[in-house]
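Visitor: Coordinates in work35.txt, compact mmCIF, C-alpha atoms and all ligand atoms, are listed below.
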# COMPACT_ATOMS: atom_id res chain seq x y z
CA MET K 1 -27.09 -32.60 -46.86
CA ASN K 2 -23.61 -31.36 -47.68
CA GLU K 3 -24.97 -27.91 -48.41
CA LEU K 4 -26.44 -27.80 -44.91
CA ASP K 5 -23.25 -29.19 -43.32
CA SER K 6 -21.23 -26.51 -45.14
CA GLU K 7 -23.55 -23.81 -43.85
CA LEU K 8 -23.40 -25.09 -40.25
CA ILE K 9 -19.59 -25.31 -40.43
CA ARG K 10 -19.42 -21.80 -41.89
CA GLN K 11 -21.54 -20.45 -39.02
CA LYS K 12 -19.40 -22.27 -36.48
CA LEU K 13 -16.17 -20.84 -37.93
CA ILE K 14 -17.57 -17.30 -38.02
CA SER K 15 -18.77 -17.57 -34.41
CA GLU K 16 -15.21 -18.59 -33.44
CA GLY K 17 -13.72 -15.49 -35.07
CA PHE K 18 -12.77 -16.78 -38.53
CA ILE K 19 -13.39 -14.28 -41.31
CA GLU K 20 -15.13 -15.31 -44.52
CA VAL K 21 -13.80 -13.80 -47.76
CA GLN K 22 -15.71 -13.80 -51.02
CA ASP K 23 -12.66 -14.05 -53.27
CA GLU K 24 -10.95 -17.43 -52.88
CA LYS K 25 -7.62 -15.89 -53.96
CA LYS K 26 -7.61 -13.89 -50.72
CA ALA K 27 -8.34 -16.88 -48.47
CA GLU K 28 -5.61 -18.47 -46.35
CA LEU K 29 -7.70 -21.47 -45.49
CA ILE K 30 -9.89 -23.45 -47.90
CA LEU K 31 -12.38 -26.03 -46.66
CA ILE K 32 -13.70 -28.46 -49.28
CA ASN K 33 -16.83 -30.40 -48.45
CA THR K 34 -16.75 -33.57 -50.51
CA CYS K 35 -19.27 -36.09 -51.83
CA SER K 36 -18.44 -39.69 -52.67
CA VAL K 37 -21.73 -40.92 -54.12
CA ARG K 38 -20.22 -41.02 -57.61
CA LYS K 39 -16.64 -41.05 -58.87
CA LYS K 40 -16.90 -37.76 -60.75
CA ALA K 41 -17.62 -35.80 -57.56
CA GLU K 42 -14.63 -37.47 -55.93
CA GLU K 43 -12.30 -36.56 -58.81
CA LYS K 44 -13.48 -32.95 -58.88
CA ALA K 45 -12.82 -32.49 -55.16
CA ILE K 46 -9.33 -33.99 -55.37
CA HIS K 47 -8.48 -31.85 -58.40
CA PHE K 48 -9.66 -28.70 -56.62
CA SER K 49 -7.65 -29.54 -53.52
CA ARG K 50 -4.45 -29.99 -55.54
CA GLN K 51 -5.09 -26.75 -57.37
CA MET K 52 -5.51 -24.88 -54.08
CA LYS K 53 -2.32 -26.47 -52.72
CA ASN K 54 -0.45 -25.24 -55.80
CA ASN K 55 -1.70 -21.77 -54.85
CA ASN K 56 -0.18 -22.22 -51.37
CA LYS K 57 -3.43 -22.39 -49.43
CA THR K 58 -4.04 -24.42 -46.30
CA VAL K 59 -6.53 -27.04 -47.47
CA VAL K 60 -8.99 -29.07 -45.38
CA MET K 61 -11.00 -31.90 -46.93
CA LEU K 62 -14.32 -32.56 -45.21
CA GLY K 63 -17.36 -34.71 -46.07
CA CYS K 64 -18.03 -38.29 -47.12
CA LEU K 65 -14.85 -38.75 -49.12
CA ALA K 66 -12.83 -37.64 -46.09
CA GLN K 67 -14.70 -40.09 -43.85
CA HIS K 68 -14.32 -42.94 -46.33
CA LYS K 69 -10.72 -42.51 -47.46
CA GLY K 70 -8.94 -40.86 -44.48
CA GLU K 71 -5.12 -41.12 -44.76
CA GLU K 72 -5.31 -42.16 -48.42
CA LEU K 73 -7.09 -38.90 -49.27
CA LEU K 74 -4.42 -36.92 -47.42
CA LYS K 75 -1.89 -38.29 -49.91
CA VAL K 76 -3.82 -38.05 -53.17
CA SER K 77 -5.39 -34.66 -52.54
CA LYS K 78 -2.21 -33.14 -51.01
CA ALA K 79 -4.54 -31.52 -48.44
CA ASP K 80 -3.20 -30.49 -45.02
CA LEU K 81 -6.08 -31.96 -43.07
CA VAL K 82 -8.73 -34.57 -43.76
CA ILE K 83 -11.67 -34.44 -41.35
CA GLY K 84 -14.48 -37.02 -41.62
CA THR K 85 -18.21 -36.35 -41.27
CA ARG K 86 -18.28 -37.61 -37.69
CA SER K 87 -15.37 -35.49 -36.42
CA TYR K 88 -16.72 -31.97 -37.02
CA GLU K 89 -17.26 -31.48 -33.29
CA LYS K 90 -13.49 -31.09 -32.99
CA LEU K 91 -13.07 -28.99 -36.15
CA ILE K 92 -12.03 -25.75 -34.43
CA ASP K 93 -9.52 -27.51 -32.14
CA ILE K 94 -8.04 -29.35 -35.09
CA LEU K 95 -7.66 -26.12 -37.09
CA LEU K 96 -6.03 -24.26 -34.20
CA ASP K 97 -3.72 -27.19 -33.56
CA PHE K 98 -2.67 -27.16 -37.21
CA GLU K 99 -1.94 -23.43 -37.01
CA ARG K 100 0.53 -24.15 -34.20
CA LYS K 101 2.17 -27.33 -35.39
CA SER K 102 1.48 -27.62 -39.13
CA THR K 103 1.19 -31.40 -38.81
CA LYS K 104 -0.71 -32.96 -41.66
CA ARG K 105 -3.26 -35.55 -40.48
CA ALA K 106 -6.49 -37.38 -41.18
CA ILE K 107 -9.10 -37.45 -38.41
CA CYS K 108 -12.02 -39.81 -38.84
CA GLU K 109 -13.11 -40.46 -35.26
CA ASP K 110 -16.75 -41.02 -34.41
CA LEU K 111 -17.58 -38.04 -32.21
CA GLY K 112 -21.28 -38.14 -33.06
CA ILE K 113 -23.44 -35.78 -35.04
CA PHE K 114 -22.51 -32.15 -35.51
CA GLN K 115 -25.31 -29.71 -34.61
CA LEU K 116 -25.45 -26.00 -33.89
CA LYS K 117 -27.52 -24.87 -30.92
CA ASN K 118 -28.49 -21.58 -32.53
CA ARG K 119 -29.05 -21.39 -36.24
CA LYS K 120 -28.48 -18.02 -37.85
CA VAL K 121 -30.16 -17.09 -41.09
CA ARG K 122 -28.22 -15.17 -43.74
CA GLU K 123 -29.52 -11.80 -44.88
CA GLY K 124 -32.26 -12.29 -47.47
CA GLU K 125 -32.44 -16.06 -46.88
CA PHE K 126 -36.00 -17.40 -46.99
CA SER K 127 -35.54 -21.16 -47.32
CA SER K 128 -33.57 -23.53 -45.08
CA PHE K 129 -32.63 -27.17 -44.80
CA VAL K 130 -33.25 -28.98 -41.53
CA ASN K 131 -31.78 -32.38 -40.66
CA ILE K 132 -34.33 -34.81 -39.27
CA GLN K 133 -32.34 -37.99 -39.66
CA HIS K 134 -28.71 -38.97 -40.07
CA GLY K 135 -27.08 -42.00 -41.67
CA CYS K 136 -28.76 -44.91 -43.39
CA ASP K 137 -29.28 -48.60 -42.61
CA ASN K 138 -30.58 -49.71 -45.98
CA PHE K 139 -27.32 -50.82 -47.55
CA CYS K 140 -28.41 -50.65 -51.17
CA THR K 141 -25.57 -52.56 -52.81
CA PHE K 142 -24.43 -49.65 -55.03
CA CYS K 143 -24.39 -46.99 -52.34
CA VAL K 144 -21.57 -45.67 -50.20
CA VAL K 145 -23.75 -43.57 -47.85
CA PRO K 146 -24.17 -46.19 -45.05
CA TYR K 147 -20.36 -46.41 -44.86
CA THR K 148 -19.72 -42.66 -44.85
CA ARG K 149 -22.64 -41.41 -42.78
CA GLY K 150 -23.02 -44.27 -40.32
CA ARG K 151 -26.10 -45.90 -38.81
CA GLU K 152 -29.55 -44.39 -39.17
CA PHE K 153 -30.53 -42.06 -36.35
CA SER K 154 -33.65 -39.89 -36.01
CA ARG K 155 -33.38 -36.54 -34.22
CA ASN K 156 -35.83 -35.75 -31.47
CA ALA K 157 -39.02 -34.20 -32.90
CA MET K 158 -39.08 -31.38 -30.33
CA ASP K 159 -35.47 -30.43 -31.13
CA ILE K 160 -36.40 -30.33 -34.81
CA LEU K 161 -39.44 -28.16 -34.09
CA ASN K 162 -37.38 -25.79 -31.94
CA GLU K 163 -34.83 -25.40 -34.71
CA ILE K 164 -37.61 -24.65 -37.22
CA LYS K 165 -39.13 -22.07 -34.86
CA GLN K 166 -35.73 -20.37 -34.55
CA LEU K 167 -35.59 -20.24 -38.34
CA GLU K 168 -39.09 -18.86 -38.84
CA GLU K 169 -38.47 -16.13 -36.28
CA GLN K 170 -35.62 -14.99 -38.53
CA GLY K 171 -37.79 -14.82 -41.65
CA ILE K 172 -37.65 -18.32 -43.12
CA VAL K 173 -40.85 -19.23 -45.01
CA GLU K 174 -39.83 -22.58 -46.47
CA ILE K 175 -38.03 -25.55 -44.95
CA THR K 176 -36.73 -28.78 -46.47
CA LEU K 177 -36.50 -31.72 -44.07
CA LEU K 178 -33.50 -33.91 -44.83
CA GLY K 179 -32.87 -37.61 -44.33
CA GLN K 180 -31.76 -40.55 -46.49
CA ASN K 181 -34.94 -42.45 -45.76
CA VAL K 182 -37.36 -39.98 -44.17
CA ASP K 183 -40.21 -42.51 -44.09
CA SER K 184 -38.43 -44.58 -41.49
CA TYR K 185 -38.11 -41.53 -39.23
CA PHE K 186 -39.04 -42.47 -35.64
CA ASP K 187 -37.78 -40.74 -32.51
CA GLY K 188 -39.43 -43.17 -30.09
CA LYS K 189 -42.69 -41.20 -30.16
CA TYR K 190 -43.27 -39.45 -33.47
CA ASP K 191 -43.20 -41.19 -36.85
CA PHE K 192 -42.63 -39.21 -40.06
CA SER K 193 -46.29 -38.40 -40.58
CA ASP K 194 -46.64 -37.23 -36.93
CA LEU K 195 -43.54 -35.09 -37.37
CA LEU K 196 -44.99 -33.43 -40.48
CA LYS K 197 -48.22 -32.67 -38.61
CA LEU K 198 -46.35 -31.39 -35.57
CA ILE K 199 -44.44 -28.93 -37.76
CA GLU K 200 -47.52 -27.91 -39.71
CA ASP K 201 -49.58 -27.23 -36.57
CA ASN K 202 -46.88 -25.39 -34.64
CA THR K 203 -45.44 -22.98 -37.15
CA ASN K 204 -46.86 -19.60 -38.15
CA TYR K 205 -44.65 -18.08 -40.81
CA ILE K 206 -43.49 -21.28 -42.47
CA LYS K 207 -45.66 -21.56 -45.57
CA ARG K 208 -44.00 -24.49 -47.29
CA ILE K 209 -42.64 -27.75 -45.92
CA LYS K 210 -40.63 -29.98 -48.24
CA PHE K 211 -38.74 -33.18 -47.56
CA THR K 212 -36.26 -35.47 -49.26
CA SER K 213 -35.82 -38.40 -49.75
CA PRO K 214 -38.52 -40.90 -49.06
CA ASN K 215 -37.80 -44.54 -49.89
CA PRO K 216 -40.53 -46.36 -51.82
CA ARG K 217 -40.24 -49.39 -49.55
CA ASP K 218 -41.13 -47.47 -46.39
CA MET K 219 -43.58 -44.82 -47.59
CA THR K 220 -46.95 -45.32 -45.88
CA MET K 221 -50.55 -44.39 -46.73
CA LYS K 222 -50.53 -42.33 -43.52
CA VAL K 223 -47.82 -40.07 -44.93
CA ILE K 224 -49.52 -39.83 -48.33
CA LYS K 225 -52.81 -38.80 -46.68
CA THR K 226 -51.08 -36.29 -44.40
CA ILE K 227 -49.59 -34.60 -47.46
CA ALA K 228 -52.93 -34.67 -49.32
CA GLN K 229 -54.69 -32.92 -46.42
CA SER K 230 -51.99 -30.37 -45.72
CA GLU K 231 -51.88 -26.74 -46.76
CA LYS K 232 -48.19 -26.39 -46.09
CA ILE K 233 -46.59 -29.65 -47.24
CA VAL K 234 -45.49 -29.11 -50.80
CA ARG K 235 -47.16 -31.43 -53.30
CA TRP K 236 -43.97 -32.96 -54.52
CA ILE K 237 -42.63 -36.45 -53.90
CA HIS K 238 -39.11 -37.40 -54.86
CA LEU K 239 -39.48 -41.16 -55.23
CA PRO K 240 -36.14 -42.73 -56.18
CA LEU K 241 -36.71 -45.64 -58.57
CA GLN K 242 -33.07 -46.61 -59.31
CA ALA K 243 -34.12 -49.41 -61.72
CA GLY K 244 -37.26 -50.93 -63.24
CA SER K 245 -36.29 -54.58 -63.50
CA ASN K 246 -37.19 -56.76 -60.54
CA ARG K 247 -34.03 -58.78 -60.99
CA ILE K 248 -31.88 -55.63 -60.76
CA LEU K 249 -33.94 -54.16 -57.91
CA ARG K 250 -33.28 -57.38 -55.97
CA LYS K 251 -29.55 -57.21 -56.72
CA MET K 252 -29.61 -53.59 -55.57
CA ASN K 253 -31.33 -54.62 -52.31
CA ARG K 254 -34.00 -51.94 -52.78
CA GLY K 255 -36.82 -53.87 -51.08
CA TYR K 256 -39.63 -53.24 -53.61
CA THR K 257 -40.70 -54.62 -56.97
CA LYS K 258 -41.46 -52.73 -60.18
CA GLU K 259 -45.17 -53.45 -59.72
CA GLU K 260 -45.22 -52.21 -56.12
CA TYR K 261 -43.38 -49.06 -57.16
CA ILE K 262 -45.76 -48.25 -60.02
CA TYR K 263 -48.78 -48.95 -57.81
CA GLN K 264 -47.41 -46.62 -55.15
CA ALA K 265 -46.61 -43.83 -57.62
CA LEU K 266 -50.06 -44.02 -59.19
CA THR K 267 -51.70 -44.07 -55.73
CA ILE K 268 -49.76 -40.92 -54.87
CA ARG K 269 -51.00 -39.27 -58.08
CA ASP K 270 -54.53 -40.37 -57.22
CA ILE K 271 -54.60 -39.13 -53.64
CA ILE K 272 -52.47 -35.98 -53.71
CA LYS K 273 -54.05 -33.51 -56.08
CA ASP K 274 -51.63 -31.96 -58.62
CA VAL K 275 -48.66 -33.78 -57.09
CA SER K 276 -45.41 -33.78 -58.98
CA ILE K 277 -43.23 -36.90 -58.82
CA THR K 278 -39.50 -36.84 -59.49
CA THR K 279 -36.97 -39.64 -59.26
CA ASP K 280 -33.38 -40.91 -59.34
CA ILE K 281 -32.44 -43.60 -61.85
CA ILE K 282 -29.19 -45.51 -62.34
CA VAL K 283 -28.34 -47.11 -65.69
CA GLY K 284 -25.78 -49.85 -66.20
CA PHE K 285 -25.90 -51.48 -62.78
CA PRO K 286 -23.81 -54.70 -62.95
CA GLY K 287 -25.61 -57.37 -64.97
CA GLU K 288 -28.22 -54.95 -66.40
CA SER K 289 -29.28 -56.45 -69.74
CA GLU K 290 -31.12 -54.66 -72.56
CA GLU K 291 -34.35 -56.31 -71.29
CA ASP K 292 -33.71 -55.06 -67.76
CA PHE K 293 -33.13 -51.55 -69.07
CA LYS K 294 -36.41 -51.70 -71.04
CA GLU K 295 -38.18 -52.37 -67.72
CA THR K 296 -36.82 -49.03 -66.47
CA LEU K 297 -38.19 -47.29 -69.57
CA ASP K 298 -41.51 -49.01 -68.93
CA VAL K 299 -41.74 -47.52 -65.41
CA VAL K 300 -40.99 -44.09 -66.90
CA ARG K 301 -43.90 -44.55 -69.33
CA ASN K 302 -46.24 -45.58 -66.53
CA VAL K 303 -45.34 -42.94 -63.95
CA LYS K 304 -44.61 -40.00 -66.29
CA TYR K 305 -42.15 -38.16 -64.08
CA ASP K 306 -42.07 -34.40 -63.64
CA GLY K 307 -38.29 -34.53 -63.36
CA ALA K 308 -35.47 -37.00 -62.85
CA TYR K 309 -31.81 -37.23 -61.90
CA MET K 310 -30.25 -39.91 -64.06
CA PHE K 311 -26.83 -41.45 -63.56
CA LYS K 312 -24.46 -44.00 -65.02
CA TYR K 313 -23.66 -46.62 -62.39
CA SER K 314 -20.37 -45.71 -60.74
CA PRO K 315 -18.61 -48.50 -58.80
CA ARG K 316 -17.86 -47.37 -55.25
CA GLU K 317 -15.06 -48.99 -53.30
CA GLY K 318 -16.29 -50.97 -50.32
CA THR K 319 -19.81 -51.52 -51.66
CA PRO K 320 -20.97 -55.05 -52.66
CA ALA K 321 -21.97 -54.07 -56.22
CA SER K 322 -18.46 -52.87 -57.03
CA LEU K 323 -17.37 -56.52 -56.72
CA PHE K 324 -20.22 -57.95 -58.80
CA LYS K 325 -19.17 -59.61 -62.03
CA GLU K 326 -20.71 -58.44 -65.34
CA GLN K 327 -19.90 -54.74 -64.98
CA VAL K 328 -21.54 -52.90 -67.89
CA ASP K 329 -19.18 -51.09 -70.28
CA ASN K 330 -19.13 -47.32 -70.37
CA GLU K 331 -20.36 -47.04 -73.95
CA THR K 332 -23.50 -49.06 -73.16
CA LYS K 333 -24.10 -46.97 -70.03
CA GLY K 334 -23.79 -43.79 -72.11
CA ARG K 335 -26.24 -45.01 -74.74
CA ARG K 336 -28.78 -46.14 -72.15
CA LEU K 337 -28.47 -42.84 -70.32
CA ARG K 338 -29.19 -40.87 -73.51
CA GLU K 339 -32.16 -43.10 -74.33
CA LEU K 340 -33.50 -42.74 -70.82
CA ILE K 341 -33.11 -38.95 -70.80
CA ASP K 342 -35.03 -38.75 -74.11
CA GLU K 343 -37.86 -40.87 -72.72
CA VAL K 344 -38.09 -38.93 -69.44
CA ASN K 345 -38.03 -35.62 -71.33
CA LYS K 346 -41.01 -36.62 -73.48
CA TYR K 347 -43.20 -36.95 -70.41
CA ILE K 348 -41.81 -33.84 -68.72
CA VAL K 349 -42.91 -31.83 -71.78
CA GLU K 350 -46.31 -33.56 -71.72
CA ARG K 351 -46.78 -32.82 -68.01
CA ARG K 352 -45.68 -29.19 -68.30
CA LYS K 353 -48.29 -28.64 -71.02
CA LEU K 354 -50.97 -29.54 -68.46
CA MET K 355 -49.98 -26.37 -66.59
CA LEU K 356 -50.95 -24.05 -69.48
CA ASN K 357 -53.68 -21.50 -68.70
CA ARG K 358 -53.85 -22.50 -65.05
CA GLU K 359 -53.21 -20.30 -62.03
CA PHE K 360 -50.33 -21.02 -59.65
CA GLU K 361 -48.93 -19.44 -56.53
CA VAL K 362 -45.18 -19.13 -56.85
CA LEU K 363 -42.49 -18.61 -54.24
CA ILE K 364 -39.86 -16.36 -55.81
CA GLU K 365 -36.30 -17.67 -55.46
CA GLY K 366 -34.32 -14.96 -57.27
CA PRO K 367 -33.38 -13.54 -60.67
CA SER K 368 -33.18 -16.05 -63.54
CA LYS K 369 -29.61 -16.78 -64.64
CA LYS K 370 -30.69 -17.72 -68.15
CA ASP K 371 -33.48 -15.25 -68.84
CA PHE K 372 -32.46 -11.65 -68.27
CA GLY K 373 -35.12 -9.55 -66.54
CA TYR K 374 -37.03 -12.61 -65.31
CA SER K 375 -37.34 -14.11 -61.83
CA VAL K 376 -37.36 -17.83 -61.02
CA GLY K 377 -39.79 -19.32 -58.55
CA LYS K 378 -41.41 -22.58 -57.55
CA THR K 379 -45.04 -23.62 -57.62
CA PHE K 380 -46.66 -25.44 -54.69
CA ASN K 381 -45.81 -28.68 -56.49
CA ASN K 382 -42.17 -27.66 -56.78
CA ILE K 383 -42.01 -26.92 -60.50
CA SER K 384 -39.62 -24.11 -61.47
CA VAL K 385 -41.27 -21.32 -63.44
CA ILE K 386 -40.08 -17.96 -64.71
CA VAL K 387 -41.92 -14.67 -64.49
CA LYS K 388 -41.11 -11.32 -66.08
CA GLY K 389 -39.80 -8.71 -63.66
CA LEU K 390 -37.48 -8.82 -60.67
CA TYR K 391 -39.28 -9.79 -57.50
CA LYS K 392 -37.86 -10.01 -54.01
CA PRO K 393 -36.71 -13.55 -53.15
CA GLY K 394 -39.03 -15.10 -50.58
CA THR K 395 -42.19 -13.37 -51.79
CA PHE K 396 -45.26 -15.17 -53.06
CA ILE K 397 -46.96 -14.13 -56.29
CA LYS K 398 -49.88 -15.54 -58.21
CA GLY K 399 -50.05 -15.89 -61.96
CA ILE K 400 -51.22 -17.89 -64.93
CA VAL K 401 -48.95 -20.08 -67.07
CA ARG K 402 -49.16 -18.67 -70.60
CA GLY K 403 -46.20 -20.33 -72.29
CA ILE K 404 -43.43 -22.88 -71.86
CA LYS K 405 -39.74 -22.43 -72.70
CA GLY K 406 -37.99 -25.81 -72.88
CA HIS K 407 -39.16 -27.39 -69.63
CA THR K 408 -39.88 -24.09 -67.90
CA PRO K 409 -43.39 -22.65 -67.72
CA ILE K 410 -43.67 -18.88 -68.14
CA LEU K 411 -45.99 -17.25 -65.65
CA GLU K 412 -47.95 -14.05 -66.24
CA ILE K 413 -49.07 -12.18 -63.17
CA SER K 414 -52.83 -12.57 -62.66
CA GLY K 415 -54.77 -9.52 -63.71
CA ASN K 416 -52.23 -8.41 -66.36
N1 LIG S 1 -31.35 -42.07 -50.01
C1 LIG S 1 -31.66 -41.88 -51.37
C2 LIG S 1 -30.46 -41.64 -52.27
C3 LIG S 1 -29.22 -41.00 -51.83
S1 LIG S 1 -27.86 -41.01 -52.96
C4 LIG S 1 -32.43 -43.12 -51.87
O1 LIG S 1 -32.62 -44.07 -51.19
O2 LIG S 1 -32.79 -43.16 -53.03
C5 LIG S 1 -28.54 -40.04 -54.28
C6 LIG S 1 -28.64 -40.77 -55.59
O3 LIG S 1 -27.36 -41.03 -56.12
C7 LIG S 1 -29.31 -42.13 -55.53
O4 LIG S 1 -30.68 -42.05 -55.54
C8 LIG S 1 -28.76 -42.84 -56.74
O5 LIG S 1 -29.59 -42.70 -57.85
C9 LIG S 1 -27.43 -42.15 -56.98
N2 LIG S 1 -26.33 -43.06 -56.66
C10 LIG S 1 -25.98 -43.55 -55.45
N3 LIG S 1 -24.92 -44.39 -55.58
C11 LIG S 1 -24.61 -44.43 -56.90
C12 LIG S 1 -23.63 -45.13 -57.66
N4 LIG S 1 -22.78 -45.96 -57.09
N5 LIG S 1 -23.62 -44.91 -59.00
C13 LIG S 1 -24.49 -44.08 -59.60
N6 LIG S 1 -25.44 -43.40 -58.93
C14 LIG S 1 -25.50 -43.57 -57.59
FE1 LIG S 2 -27.96 -45.21 -50.22
FE2 LIG S 2 -30.46 -44.27 -50.18
FE3 LIG S 2 -30.03 -46.90 -50.30
FE4 LIG S 2 -29.49 -45.54 -48.05
S1 LIG S 2 -31.51 -45.84 -49.00
S2 LIG S 2 -28.21 -47.10 -48.99
S3 LIG S 2 -28.74 -43.61 -48.89
S4 LIG S 2 -29.50 -45.34 -51.87
Would you give me this structure, written as structure tokens?
Ligand code: SAH
Ligand code: SF4
Guide:
Amino acid sequence: MNELDSELIRQKLISEGFIEVQDEKKAELILINTCSVRKKAEEKAIHFSRQMKNNNKTVVMLGCLAQHKGEELLKVSKADLVIGTRSYEKLIDILLDFERKSTKRAICEDLGIFQLKNRKVREGEFSSFVNIQHGCDNFCTFCVVPYTRGREFSRNAMDILNEIKQLEEQGIVEITLLGQNVDSYFDGKYDFSDLLKLIEDNTNYIKRIKFTSPNPRDMTMKVIKTIAQSEKIVRWIHLPLQAGSNRILRKMNRGYTKEEYIYQALTIRDIIKDVSITTDIIVGFPGESEEDFKETLDVVRNVKYDGAYMFKYSPREGTPASLFKEQVDNETKGRRLRELIDEVNKYIVERRKLMLNREFEVLIEGPSKKDFGYSVGKTFNNISVIVKGLYKPGTFIKGIVRGIKGHTPILEISGN
């Protein structure tokens, strides 16, 4: 979401005559888009801002941290301007005003959602994010998003389709639909499944449609079947678990039980052929006992994820869970995280082995950073693979998986 916001802001600045420089040393103005989901991201952003101020740059803090902390952030980050997620509509005016008066200030007004009428695609870009929904109403007790991004709001389906058509006309072949809870998408006429079908039926050059994130409590059979029948919707579901214990799930306000989650994940595996399932898991939520944590490991054993983002619980100011008693100590969180990563990795290796000697169509993303002379691409179920040779990003190639390096399958072009 922040990546897309940064890109839209960049385009807006360029269209207003600002000049982008590649070398940050040459920049006069630095905009930092911040995340406040976990403390580490917050600390990094503040550190970077102070560093840039020491180099005499004009610094603007944007994003969730800006929205959440306002004036306080102005002080700790030493930035010149703090502009919250809902005030981007005024960004240019605020910057020009600062140029004239040099008055430091924090602006966190609610001016609505920032959108660009005409999206421009960068040279060589083949994949784009598209917002379908803003904000979140779920109020999971650990999460800061509802406070920084505001109430849930679904964009009009036709506006979304028009934006996607603009993108495909400029060469985009893959889109990722973004929302905090895409399954509750509803614009008054189209639900999420209808939206997926609308996009599938009305695009010509888009070959892959991805989305993130669904919420297990709202995902319907209708959506699962739509994906199963589609030739464009990527066979990948990111299904955030957060925790396996029913007691903890209740305290998190997630709205599903361990049993419901496992049933849903296994139904998805049953109905969508070759689907990959990834997840987000938090360890050390307040009050999480060893038994609770074992329940999380048990879900991992049942679902056998293809990938996972795993985090230590990070108390966020203003959220209910930050005030809960029985905060888990950092050492225990660290140990549980390592144990969890080991367990998840076992199944990732097991699942990757199932890919051996099978043919896959891969969308090339670019040269591999780790493996010189190889390209990286994604299969139709969103697994990263490498293939020897340098292929143009955005092209599709077919090949057979002949080996696996760590978690990464190695593809050989069919016919070789
Ligand atoms: N809307 C998505 C998640 C968005 S936040 C959902 O409902 O799952 C992305 C991820 O950050 C979450 O899935 C969660 O695992 C993690 N996260 C959010 N708040 C956190 C916190 N306080 N501490 C640690 N991880 C957190
Ligand atoms: Fe945060 Fe996701 Fe829960 Fe919304 S659904 S409160 S974004 S974790």
Visitor: Take every atom of ligand LIG 1 (chain S) listed in the file, pad by 6 Å on each side, and give me the axis-aligned box centre and edge lengths in Å, one decimal, as AutoDock Vina command-line options.
Guide:
--center_x -27.8 --center_y -43.0 --center_z -54.8 --size_x 22.0 --size_y 17.9 --size_z 21.6
Visitor: Please check which residues have atoms at most 10 Å from (-41.7, -44.2, -68.0) in the file's coordinates, counting only C-alpha atoms, and write them as a compact mmCIF listing (two decimals) with C-alpha atoms, in the coordinates of the input.
Guide:
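Result file result_15.txt:
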# COMPACT_ATOMS: atom_id res chain seq x y z
CA GLY K 244 -37.26 -50.93 -63.24
CA ILE K 262 -45.76 -48.25 -60.02
CA LYS K 294 -36.41 -51.70 -71.04
CA GLU K 295 -38.18 -52.37 -67.72
CA THR K 296 -36.82 -49.03 -66.47
CA LEU K 297 -38.19 -47.29 -69.57
CA ASP K 298 -41.51 -49.01 -68.93
CA VAL K 299 -41.74 -47.52 -65.41
CA VAL K 300 -40.99 -44.09 -66.90
CA ARG K 301 -43.90 -44.55 -69.33
CA ASN K 302 -46.24 -45.58 -66.53
CA VAL K 303 -45.34 -42.94 -63.95
CA LYS K 304 -44.61 -40.00 -66.29
CA TYR K 305 -42.15 -38.16 -64.08
CA LEU K 340 -33.50 -42.74 -70.82
CA GLU K 343 -37.86 -40.87 -72.72
CA VAL K 344 -38.09 -38.93 -69.44
CA ASN K 345 -38.03 -35.62 -71.33
CA LYS K 346 -41.01 -36.62 -73.48
CA TYR K 347 -43.20 -36.95 -70.41
Visitor: Contacts between ligand LIG 2 (chain S) and chain K, please, where a residue of chain K counts if it comes within 9 Å (with only C-alpha atoms and all ligand atoms); show its shortest atom pair and distance in Å to one decimal, rows by chain and ascending number, as JSON lines.
Guide:
{"residue": "K:Val37", "atom": "CA", "partner": "S:LIG2", "partner_atom": "FE1", "distance": 8.5}
{"residue": "K:Gly135", "atom": "CA", "partner": "S:LIG2", "partner_atom": "S3", "distance": 7.6}
{"residue": "K:Cys136", "atom": "CA", "partner": "S:LIG2", "partner_atom": "FE4", "distance": 4.8}
{"residue": "K:Asp137", "atom": "CA", "partner": "S:LIG2", "partner_atom": "FE4", "distance": 6.2}
{"residue": "K:Asn138", "atom": "CA", "partner": "S:LIG2", "partner_atom": "S2", "distance": 4.6}
{"residue": "K:Phe139", "atom": "CA", "partner": "S:LIG2", "partner_atom": "S2", "distance": 4.1}
{"residue": "K:Cys140", "atom": "CA", "partner": "S:LIG2", "partner_atom": "S2", "distance": 4.2}
{"residue": "K:Thr141", "atom": "CA", "partner": "S:LIG2", "partner_atom": "S2", "distance": 7.2}
{"residue": "K:Phe142", "atom": "CA", "partner": "S:LIG2", "partner_atom": "S4", "distance": 7.4}
{"residue": "K:Cys143", "atom": "CA", "partner": "S:LIG2", "partner_atom": "FE1", "distance": 4.5}
{"residue": "K:Val144", "atom": "CA", "partner": "S:LIG2", "partner_atom": "FE1", "distance": 6.4}
{"residue": "K:Val145", "atom": "CA", "partner": "S:LIG2", "partner_atom": "S3", "distance": 5.1}
{"residue": "K:Pro146", "atom": "CA", "partner": "S:LIG2", "partner_atom": "S2", "distance": 5.7}
{"residue": "K:Tyr147", "atom": "CA", "partner": "S:LIG2", "partner_atom": "S2", "distance": 8.9}
{"residue": "K:Arg149", "atom": "CA", "partner": "S:LIG2", "partner_atom": "S3", "distance": 8.9}
{"residue": "K:Glu152", "atom": "CA", "partner": "S:LIG2", "partner_atom": "FE4", "distance": 9.0}
{"residue": "K:Gly179", "atom": "CA", "partner": "S:LIG2", "partner_atom": "S3", "distance": 8.6}
{"residue": "K:Gln180", "atom": "CA", "partner": "S:LIG2", "partner_atom": "S3", "distance": 4.9}
{"residue": "K:Asn181", "atom": "CA", "partner": "S:LIG2", "partner_atom": "S1", "distance": 5.8}
{"residue": "K:Ser213", "atom": "CA", "partner": "S:LIG2", "partner_atom": "FE2", "distance": 8.0}
{"residue": "K:Pro214", "atom": "CA", "partner": "S:LIG2", "partner_atom": "S1", "distance": 8.6}
{"residue": "K:Asn215", "atom": "CA", "partner": "S:LIG2", "partner_atom": "S1", "distance": 6.5}
{"residue": "K:Pro240", "atom": "CA", "partner": "S:LIG2", "partner_atom": "S4", "distance": 8.3}
{"residue": "K:Gln242", "atom": "CA", "partner": "S:LIG2", "partner_atom": "S4", "distance": 8.3}
{"residue": "K:Met252", "atom": "CA", "partner": "S:LIG2", "partner_atom": "FE3", "distance": 8.5}
{"residue": "K:Asn253", "atom": "CA", "partner": "S:LIG2", "partner_atom": "FE3", "distance": 8.1}
{"residue": "K:Arg254", "atom": "CA", "partner": "S:LIG2", "partner_atom": "FE3", "distance": 6.9}
